[in-house]
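Text of my_file_6.txt (compact mmCIF, C-alpha atoms) as supplied:
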# COMPACT_ATOMS: atom_id res chain seq x y z
CA MET A 1097 38.45 54.31 14.41
CA ILE A 1098 34.66 54.58 14.56
CA GLU A 1099 34.51 54.70 10.77
CA LEU A 1100 36.58 51.54 10.53
CA VAL A 1101 34.29 49.71 12.98
CA MET A 1102 31.24 50.89 11.04
CA VAL A 1103 32.71 49.67 7.73
CA ILE A 1104 33.53 46.27 9.23
CA PHE A 1105 30.05 46.08 10.74
CA ILE A 1106 28.32 46.90 7.44
CA LEU A 1107 30.55 44.48 5.52
CA THR A 1108 29.72 41.73 8.02
CA LEU A 1109 26.00 42.42 7.65
CA VAL A 1110 26.17 42.38 3.85
CA ALA A 1111 28.26 39.21 3.80
CA GLY A 1112 25.90 37.52 6.26
CA ALA A 1113 22.82 38.47 4.24
CA TYR A 1114 24.47 37.30 1.02
CA PHE A 1115 25.46 33.98 2.60
CA TYR A 1116 21.94 33.50 4.00
CA ILE A 1117 20.29 34.14 0.61
CA TRP A 1118 22.76 31.86 -1.15
CA ARG A 1119 22.13 29.06 1.34
CA GLN A 1120 18.33 29.40 1.14
CA GLN A 1121 18.45 29.28 -2.66
CA GLY A 1122 20.55 26.15 -2.49
CA ARG A 1123 18.06 24.59 -0.09
CA LEU A 1124 14.91 25.46 -1.94
CA SER A 1125 15.83 24.84 -5.52
CA ALA A 1126 16.70 21.50 -6.94
CA SER A 1127 18.87 21.10 -9.95
CA ASP A 1128 17.41 20.32 -13.36
CA GLN A 1129 18.90 16.86 -13.13
CA GLU A 1130 17.15 16.14 -9.84
CA VAL A 1131 13.83 17.44 -11.15
CA ALA A 1132 14.17 15.37 -14.31
CA ALA A 1133 15.09 12.25 -12.33
CA TYR A 1134 12.11 12.82 -10.02
CA TYR A 1135 9.58 13.08 -12.83
CA LEU A 1136 11.16 10.16 -14.64
CA SER A 1137 10.75 7.97 -11.55
CA ALA A 1138 7.19 9.31 -11.10
CA ALA A 1139 6.43 8.37 -14.70
CA THR A 1140 7.92 4.90 -14.18
CA PHE A 1141 5.75 4.40 -11.11
CA MET A 1142 2.64 5.72 -12.89
CA ASP A 1143 3.29 3.34 -15.78
CA THR A 1144 3.40 0.36 -13.40
CA LEU A 1145 0.30 1.55 -11.56
CA HIS A 1146 -1.63 1.89 -14.81
CA ALA A 1147 -0.45 -1.51 -16.04
CA ASP A 1148 -1.67 -3.12 -12.81
CA SER A 1149 -4.97 -1.25 -12.78
CA ARG A 1150 -5.69 -2.36 -16.34
CA MET A 1151 -5.62 -5.96 -15.10
CA ALA A 1152 -7.32 -5.23 -11.79
CA ARG A 1153 -10.72 -6.66 -11.01
CA ARG A 1154 -10.99 -4.79 -7.75
CA ILE A 1155 -9.09 -2.01 -5.99
CA GLU A 1156 -9.25 -1.57 -2.23
CA PRO A 1157 -7.79 1.69 -0.91
CA THR A 1158 -6.00 1.41 2.44
CA PRO A 1159 -4.72 4.22 4.69
CA ASP A 1160 -1.20 3.85 3.28
CA GLY A 1161 -1.81 2.56 -0.23
CA CYS A 1162 -4.08 0.06 -1.90
CA ILE A 1163 -4.65 -3.60 -2.62
CA MET A 1164 -5.47 -4.70 -6.17
CA GLU A 1165 -7.00 -8.02 -7.11
CA VAL A 1166 -5.49 -8.81 -10.46
CA MET A 1167 -6.35 -11.60 -12.88
CA THR A 1168 -3.18 -13.07 -14.35
CA SER A 1169 -2.43 -16.16 -16.37
CA GLY A 1170 -1.64 -17.84 -13.07
CA GLY A 1171 -5.06 -17.00 -11.63
CA LEU A 1172 -6.25 -14.36 -9.22
CA GLN A 1173 -3.38 -12.56 -7.54
CA GLN A 1174 -3.03 -9.66 -5.14
CA ILE A 1175 -0.78 -6.68 -5.65
CA THR A 1176 -0.30 -4.31 -2.75
CA TYR A 1177 1.06 -0.80 -2.85
CA THR A 1178 2.27 0.53 0.49
CA LEU A 1179 3.90 3.79 1.47
CA ARG A 1180 7.18 3.00 3.22
CA GLY A 1181 8.80 6.17 4.50
CA ASN A 1182 9.86 8.14 1.46
CA ALA A 1183 9.25 5.36 -1.02
CA ILE A 1184 6.33 3.33 -2.33
CA GLU A 1185 6.58 -0.45 -2.21
CA ARG A 1186 4.86 -2.67 -4.75
CA LEU A 1187 4.48 -6.24 -3.57
CA ALA A 1188 3.37 -8.83 -6.09
CA ASN A 1189 3.90 -12.54 -6.24
CA GLY A 1190 6.35 -12.45 -3.36
CA LYS A 1191 8.56 -9.86 -5.02
CA ALA A 1192 8.83 -6.33 -3.75
CA LYS A 1193 9.94 -3.27 -5.65
CA LEU A 1194 10.65 0.06 -4.03
CA TYR A 1195 9.87 3.21 -5.97
CA ASP A 1196 12.13 5.82 -4.47
CA PHE A 1197 11.55 9.38 -5.62
CA GLY A 1198 15.04 10.47 -4.68
CA LYS A 1199 16.17 13.53 -2.82
CA PRO A 1200 13.33 15.89 -1.80
CA LEU A 1201 12.99 18.71 -4.33
CA ARG A 1202 11.78 20.96 -1.52
CA GLU A 1203 13.19 20.90 1.95
CA GLY A 1204 11.43 18.40 4.17
CA ALA A 1205 8.97 17.30 1.46
CA LYS A 1206 7.55 13.91 2.31
CA VAL A 1207 6.35 11.34 -0.19
CA LEU A 1208 2.58 11.03 -0.38
CA PHE A 1209 0.56 8.09 -1.59
CA ASN A 1210 -3.16 8.36 -1.33
CA VAL A 1211 -5.78 6.31 -3.14
CA ARG A 1212 -9.44 7.19 -2.72
CA GLU A 1213 -12.55 6.09 -4.48
CA LEU A 1214 -14.37 8.84 -6.29
CA ALA A 1215 -18.08 9.21 -5.77
CA PRO A 1216 -19.94 7.70 -8.72
CA MET B 1133 -34.96 -8.13 -56.60
CA ASN B 1134 -37.14 -5.88 -54.46
CA LYS B 1135 -37.51 -8.63 -51.93
CA SER B 1136 -33.75 -9.05 -51.72
CA ARG B 1137 -33.26 -5.29 -51.30
CA ARG B 1138 -35.83 -5.16 -48.55
CA TRP B 1139 -34.11 -8.05 -46.86
CA MET B 1140 -30.74 -6.31 -47.04
CA ARG B 1141 -32.24 -3.09 -45.69
CA SER B 1142 -33.78 -4.95 -42.73
CA LEU B 1143 -30.46 -6.59 -42.02
CA GLY B 1144 -28.78 -3.17 -42.11
CA TYR B 1145 -31.29 -1.75 -39.63
CA ALA B 1146 -30.80 -4.73 -37.33
CA CYS B 1147 -27.01 -4.25 -37.41
CA ALA B 1148 -27.35 -0.53 -36.68
CA LEU B 1149 -29.66 -1.27 -33.76
CA GLY B 1150 -27.16 -3.80 -32.42
CA VAL B 1151 -24.33 -1.27 -32.60
CA VAL B 1152 -26.45 1.32 -30.78
CA LEU B 1153 -27.33 -1.16 -28.03
CA VAL B 1154 -23.69 -2.19 -27.54
CA CYS B 1155 -22.66 1.48 -27.34
CA MET B 1156 -25.37 2.15 -24.76
CA GLU B 1157 -24.25 -0.80 -22.66
CA VAL B 1158 -20.61 0.32 -22.76
CA THR B 1159 -21.62 3.86 -21.77
CA VAL B 1160 -23.71 2.61 -18.84
CA ALA B 1161 -20.90 0.28 -17.73
CA ALA B 1162 -18.36 3.10 -17.96
CA GLY B 1163 -20.58 5.36 -15.90
CA SER B 1164 -21.02 2.83 -13.11
CA ALA B 1165 -17.42 1.61 -12.95
CA PRO B 1166 -15.65 2.77 -9.80
CA ARG B 1167 -12.95 5.35 -10.33
CA TYR B 1168 -10.04 6.00 -8.05
CA ASP B 1169 -8.08 9.14 -7.54
CA VAL B 1170 -4.39 8.45 -6.90
CA THR B 1171 -2.04 11.09 -5.53
CA PHE B 1172 1.62 10.21 -5.24
CA GLY B 1173 5.03 11.82 -5.15
CA GLN B 1174 6.77 14.42 -3.06
CA GLN B 1175 4.75 17.09 -1.29
CA GLY B 1176 4.50 20.15 -3.50
CA ASN B 1177 5.37 18.13 -6.60
CA GLU B 1178 2.78 15.40 -6.30
CA VAL B 1179 1.17 13.81 -9.32
CA GLN B 1180 -2.54 13.11 -9.45
CA VAL B 1181 -4.09 10.51 -11.75
CA GLN B 1182 -7.34 8.64 -12.02
CA ILE B 1183 -7.45 4.90 -12.47
CA VAL B 1184 -10.32 2.60 -13.30
CA PRO B 1185 -10.03 -1.14 -12.64
CA ALA B 1186 -9.74 -3.24 -15.79
CA ARG B 1187 -9.25 -0.16 -17.86
CA ALA B 1188 -6.41 2.12 -18.85
CA GLY B 1189 -5.74 4.93 -16.42
CA VAL B 1190 -7.10 8.34 -17.20
CA ALA B 1191 -4.67 11.17 -16.61
CA THR B 1192 -6.73 14.12 -15.48
CA HIS B 1193 -3.95 16.32 -14.22
CA ALA B 1194 -0.85 17.13 -16.11
CA MET B 1195 2.35 16.86 -14.16
CA PRO B 1196 3.02 20.20 -12.48
CA ALA B 1197 5.74 22.27 -13.98
CA PRO B 1198 8.92 21.90 -11.99
CA ASP B 1199 9.84 24.86 -9.84
CA ALA B 1200 13.41 24.97 -10.96
CA GLY B 1201 12.65 26.15 -14.46
CA ALA B 1202 12.30 24.17 -17.63
CA VAL B 1203 13.72 20.72 -17.69
CA THR B 1204 16.37 20.89 -20.33
CA GLY B 1205 17.15 17.25 -20.61
CA ILE B 1206 16.70 13.99 -18.86
CA VAL B 1207 19.81 13.01 -17.05
CA GLY B 1208 20.06 10.05 -14.77
CA SER B 1209 17.80 7.08 -14.51
CA PRO B 1210 14.70 6.32 -12.46
CA VAL B 1211 15.59 5.43 -8.93
CA VAL B 1212 13.93 2.07 -8.75
CA ARG B 1213 15.60 -0.30 -6.37
CA PRO B 1214 14.49 -3.88 -6.72
CA THR B 1215 14.50 -5.52 -3.33
CA SER B 1216 14.93 -9.19 -3.64
CA THR B 1217 13.13 -11.49 -1.30
CA VAL B 1218 14.91 -11.44 2.02
CA THR B 1219 16.97 -14.44 2.87
CA PRO B 1220 17.35 -15.46 6.47
CA LYS B 1221 20.52 -13.98 7.94
CA ALA B 1222 21.62 -16.78 10.13
CA ALA B 1223 20.42 -20.15 11.19
CA VAL B 1224 17.97 -19.48 13.96
CA PRO B 1225 16.75 -22.44 15.95
CA PRO B 1226 13.04 -22.95 15.25
CA THR B 1227 10.90 -21.60 18.00
CA GLN B 1228 8.14 -23.86 19.16
CA LEU B 1229 5.12 -21.63 19.24
CA GLN B 1230 2.99 -22.49 22.18
CA SER B 1231 0.10 -20.92 23.94
CA GLN B 1232 1.25 -17.72 25.58
CA SER B 1233 0.08 -15.83 28.58
CA VAL B 1234 -0.36 -12.06 28.71
CA ALA B 1235 2.96 -11.89 30.57
CA ASP B 1236 4.66 -13.77 27.72
CA TYR B 1237 3.27 -11.31 25.18
CA LYS B 1238 4.55 -8.42 27.29
CA GLU B 1239 7.92 -10.11 27.52
CA ASP B 1240 7.92 -10.45 23.73
CA GLY B 1241 7.57 -6.70 23.41
CA PHE B 1242 3.85 -6.34 22.79
CA ASP B 1243 2.48 -3.41 24.70
CA ILE B 1244 -0.59 -5.31 25.63
CA ASN B 1245 -3.09 -5.54 28.41
CA ILE B 1246 -5.90 -8.02 28.03
CA ASP B 1247 -8.24 -5.70 29.89
CA THR B 1248 -7.60 -2.84 27.51
CA ILE B 1249 -8.13 -4.79 24.28
CA SER B 1250 -11.67 -3.55 24.29
CA GLY B 1251 -13.94 -2.94 21.37
CA GLU B 1252 -13.59 0.78 22.03
CA VAL B 1253 -9.79 0.62 21.75
CA VAL B 1254 -10.00 -1.44 18.56
CA SER B 1255 -12.58 0.78 16.86
CA GLY B 1256 -10.91 3.95 18.19
CA GLN B 1257 -7.52 3.05 16.78
CA LEU B 1258 -8.99 1.91 13.47
CA ALA B 1259 -10.87 5.19 13.16
CA GLU B 1260 -7.81 7.23 14.13
CA THR B 1261 -4.98 5.58 12.21
CA GLY B 1262 -6.79 3.07 10.01
CA ARG B 1263 -4.37 0.34 11.12
CA LEU B 1264 -4.15 -1.95 14.10
CA SER B 1265 -1.59 -4.62 14.95
CA LEU B 1266 -3.11 -7.59 16.68
CA ALA B 1267 -1.32 -10.15 18.81
CA ILE B 1268 -2.49 -13.30 17.06
CA LEU B 1269 -0.47 -16.44 17.53
CA PHE B 1270 -0.26 -19.34 15.10
CA GLU B 1271 0.69 -22.96 15.54
CA ALA B 1272 4.20 -23.79 14.40
CA ASP B 1273 3.13 -26.40 11.91
CA SER B 1274 0.02 -24.78 10.50
CA SER B 1275 -1.57 -21.50 9.61
CA ALA B 1276 -4.57 -22.18 11.83
CA VAL B 1277 -5.43 -19.68 14.50
CA ASN B 1278 -4.32 -20.92 17.89
CA GLN B 1279 -7.67 -21.11 19.61
CA ALA B 1280 -6.06 -22.24 22.86
CA ASP B 1281 -4.34 -18.90 23.23
CA ALA B 1282 -6.28 -16.48 25.41
CA VAL B 1283 -4.82 -13.25 24.03
CA THR B 1284 -5.29 -14.38 20.43
CA MET B 1285 -8.93 -15.20 21.06
CA GLN B 1286 -9.44 -11.96 22.96
CA SER B 1287 -8.02 -9.97 20.01
CA LEU B 1288 -10.13 -11.88 17.49
CA ASN B 1289 -13.30 -11.55 19.54
CA GLN B 1290 -12.81 -7.82 19.84
CA ILE B 1291 -12.36 -7.31 16.13
CA LEU B 1292 -15.38 -9.58 15.62
CA SER B 1293 -17.53 -7.49 17.96
CA VAL B 1294 -16.38 -4.27 16.28
CA MET B 1295 -17.27 -5.67 12.86
CA LYS B 1296 -20.66 -6.76 14.12
CA SER B 1297 -21.37 -3.38 15.66
CA GLN B 1298 -20.24 -1.52 12.52
CA PRO B 1299 -21.93 -3.23 9.55
CA ASP B 1300 -20.32 -0.80 7.08
CA LEU B 1301 -16.77 -1.47 8.27
CA ARG B 1302 -14.60 -3.29 5.73
CA ILE B 1303 -11.13 -4.49 6.58
CA ALA B 1304 -8.02 -6.03 5.10
CA VAL B 1305 -6.24 -8.65 7.16
CA GLU B 1306 -2.49 -8.48 6.53
CA GLY B 1307 -0.43 -11.47 7.64
CA TYR B 1308 3.29 -11.19 8.40
CA VAL B 1309 5.95 -13.76 9.26
CA ASP B 1310 9.43 -13.42 10.71
CA TYR B 1311 12.73 -15.02 9.81
CA THR B 1312 12.20 -17.77 12.31
CA GLY B 1313 8.83 -18.60 10.83
CA VAL B 1314 10.37 -18.82 7.39
CA LYS B 1315 13.03 -21.21 8.64
CA GLU B 1316 10.35 -23.37 10.22
CA TYR B 1317 8.32 -23.50 7.06
CA GLU B 1318 11.35 -24.14 4.89
CA ALA B 1319 12.19 -27.04 7.17
CA LEU B 1320 8.68 -28.35 6.70
CA GLY B 1321 9.11 -28.14 2.93
CA GLN B 1322 6.36 -25.62 2.56
CA LEU B 1323 6.22 -22.71 0.22
CA SER B 1324 7.46 -19.18 0.56
CA ASP B 1325 6.94 -16.69 3.35
CA GLU B 1326 4.31 -14.99 1.17
CA ASP B 1327 2.22 -18.15 1.06
CA THR B 1328 2.60 -18.67 4.77
CA SER B 1329 1.57 -15.14 5.66
CA ALA B 1330 -1.28 -15.26 3.11
CA ASP B 1331 -2.53 -18.51 4.65
CA ARG B 1332 -2.37 -16.99 8.12
CA ALA B 1333 -4.26 -13.89 7.01
CA ALA B 1334 -6.79 -16.13 5.26
CA SER B 1335 -7.28 -18.20 8.40
CA VAL B 1336 -8.10 -15.04 10.37
CA LYS B 1337 -10.52 -14.06 7.62
CA ASN B 1338 -12.08 -17.55 7.63
CA TRP B 1339 -12.45 -17.41 11.40
CA LEU B 1340 -14.34 -14.11 11.13
CA VAL B 1341 -16.44 -15.42 8.22
CA GLY B 1342 -17.21 -18.52 10.29
CA LYS B 1343 -18.55 -16.23 12.98
CA GLY B 1344 -21.03 -14.66 10.60
CA ILE B 1345 -19.13 -11.78 9.00
CA SER B 1346 -19.67 -11.50 5.25
CA SER B 1347 -16.55 -12.43 3.28
CA ASP B 1348 -17.15 -9.38 1.05
CA ARG B 1349 -16.18 -7.20 3.99
CA ILE B 1350 -12.77 -8.81 4.49
CA THR B 1351 -9.76 -8.97 2.19
CA SER B 1352 -6.79 -11.06 3.25
CA VAL B 1353 -3.26 -10.29 2.10
CA GLY B 1354 0.03 -12.06 2.73
CA LYS B 1355 2.82 -9.58 3.32
CA GLY B 1356 5.54 -12.11 4.07
CA MET B 1357 8.54 -10.56 5.72
CA ARG B 1358 7.78 -7.01 4.59
CA GLY B 1359 7.60 -4.34 7.25
CA GLN B 1360 9.96 -6.13 9.60
CA ILE B 1361 10.45 -4.20 12.80
CA GLY B 1362 13.82 -5.72 13.67
CA ASP B 1363 15.67 -8.94 14.22
CA SER B 1364 16.04 -9.17 17.95
CA GLU B 1365 14.09 -11.80 19.85
CA GLU B 1366 11.38 -9.39 20.98
CA GLN B 1367 11.22 -7.60 17.64
CA ARG B 1368 10.76 -10.92 15.84
CA ALA B 1369 7.64 -11.49 17.93
CA LYS B 1370 6.28 -8.20 16.61
CA ASN B 1371 7.20 -9.20 13.06
CA ARG B 1372 5.04 -12.30 13.47
CA ARG B 1373 1.80 -10.38 13.52
CA VAL B 1374 -1.50 -9.72 11.87
CA ASP B 1375 -2.50 -6.19 10.99
CA ILE B 1376 -6.06 -5.11 10.55
CA VAL B 1377 -6.40 -2.30 8.04
CA LYS B 1378 -9.58 -0.31 7.66
CA LEU B 1379 -10.74 -0.10 4.05
CA SER B 1380 -12.56 2.97 2.87
CA ASN B 1381 -16.22 2.50 2.10

Could you express the structure from this file as structure tokens?
Amino acid sequence: MIELVMVIFILTLVAGAYFYIWRQQGRLSASDQEVAAYYLSAATFMDTLHADSRMARRIEPTPDGCIMEVMTSGGLQQITYTLRGNAIERLANGKAKLYDFGKPLREGAKVLFNVRELAP
Amino acid sequence: MNKSRRWMRSLGYACALGVVLVCMEVTVAAGSAPRYDVTFGQQGNEVQVQIVPARAGVATHAMPAPDAGAVTGIVGSPVVRPTSTVTPKAAVPPTQLQSQSVADYKEDGFDINIDTISGEVVSGQLAETGRLSLAILFEADSSAVNQADAVTMQSLNQILSVMKSQPDLRIAVEGYVDYTGVKEYEALGQLSDEDTSADRAASVKNWLVGKGISSDRITSVGKGMRGQIGDSEEQRAKNRRVDIVKLSN
């Protein structure tokens, strides 16, 4: 009887540990598809940011993004980038676009957006 | 013949000198141009790039290798959700904006006390969070600051005194409107919510400039209906606001 209890106890421990490891792995690792989608959206955002900065006359960093003064064919215009939760919003000419980086690749990872001027 | 050769040689030297001077000027300009370091993306997988205004961005950091092994193929598409300009949900009767008392502001949902809108509170919050929402009221038919409103003037005077006491402080004035404001301006045949909010932010900037603050220290931005807090009566009052954002020096 004692042997049976011991076997059940050990089996429960092993099964519990296995389940815990399996769950942690599932939490911590993202699939290749998610990683690829994340970097693709990061590249899309970076492309837009570079395109805007190429036209920018002035960049003003703010605590949650930046404001760019951009010279367009329609004259001087402002483009603002603002961190909104887990996405970055680009507001230009009355139109807003949200750059959403999808599901967090790591548990609880927040989206960062920080612009700072480098010392000359 | 010799004369012509000499002439050509002189011309060649002059051209070479010109090229050298242009190169020097470009180098000096490149050295003095401000550069910005941009970090974005999810924590742990963030991407860092450098951008220079009016110039192509300079990638200084390669994207970090993903944790989940090599990316074997790109599946899926970038998650970019275009958000169209918000259309008013329902016909809301235009609100006549009038001068408000402190009690009215409190009723509208502003956590406000005229005695506590001190310069210390303003500068403290700007230093701590870099952002401050001010209760600034506008006339219904214009973007002019309502100078008859006590709380509005108190808020403006405090930001004015903070800017005077901190000569290095630079701010962005962000103007916002709510659905009701948009309806009012549509009814008046005026332009979009962006223009309205930009005009309102500009009028706050102009007021500060008129009081002796250099315009170089203030940037005004119209945010339209972005960052709406909600659509209830008291939340709409908060949507109709001006934010002061501290700019880094």

Next item on the list: Just give me the gap between atom CA of A:Ala1147 and atom CA of B:Ala1333 in Å, one decimal is fine.
Entry: 26.4 Å

Note to self: Please find the residues of chain A near chain B - the criterion being any atom within 6 Å, counting all atoms listed in the file - and write them as number ranges by chain.
What the structure shows: A: 1125, 1128-1129, 1132-1133, 1136-1137, 1146, 1149-1153, 1158-1159, 1190, 1192-1196, 1205-1214

Next item on the list: Could you jot down the atom CA of A:Asn1189 to atom CA of A:Glu1156 separation for me, Å, one decimal place?
Entry: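 These atoms are spaced 17.6 Å apart.
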
Next item on the list: Identify the residues around (0.4, 0.4, 2.4) within a radius of 9 Å, measuring from all atoms listed in the file in the coordinates stated by the file, and give them as a PyMOL selection string.
Entry: chain A and resi 1157-1163+1176-1180+1184-1186+1209

Next item on the list: Could you jot down the atom CA of B:Asp1375 to atom CA of B:Val1277 separation for me, Å, one decimal place?
Entry: 14.2 Å
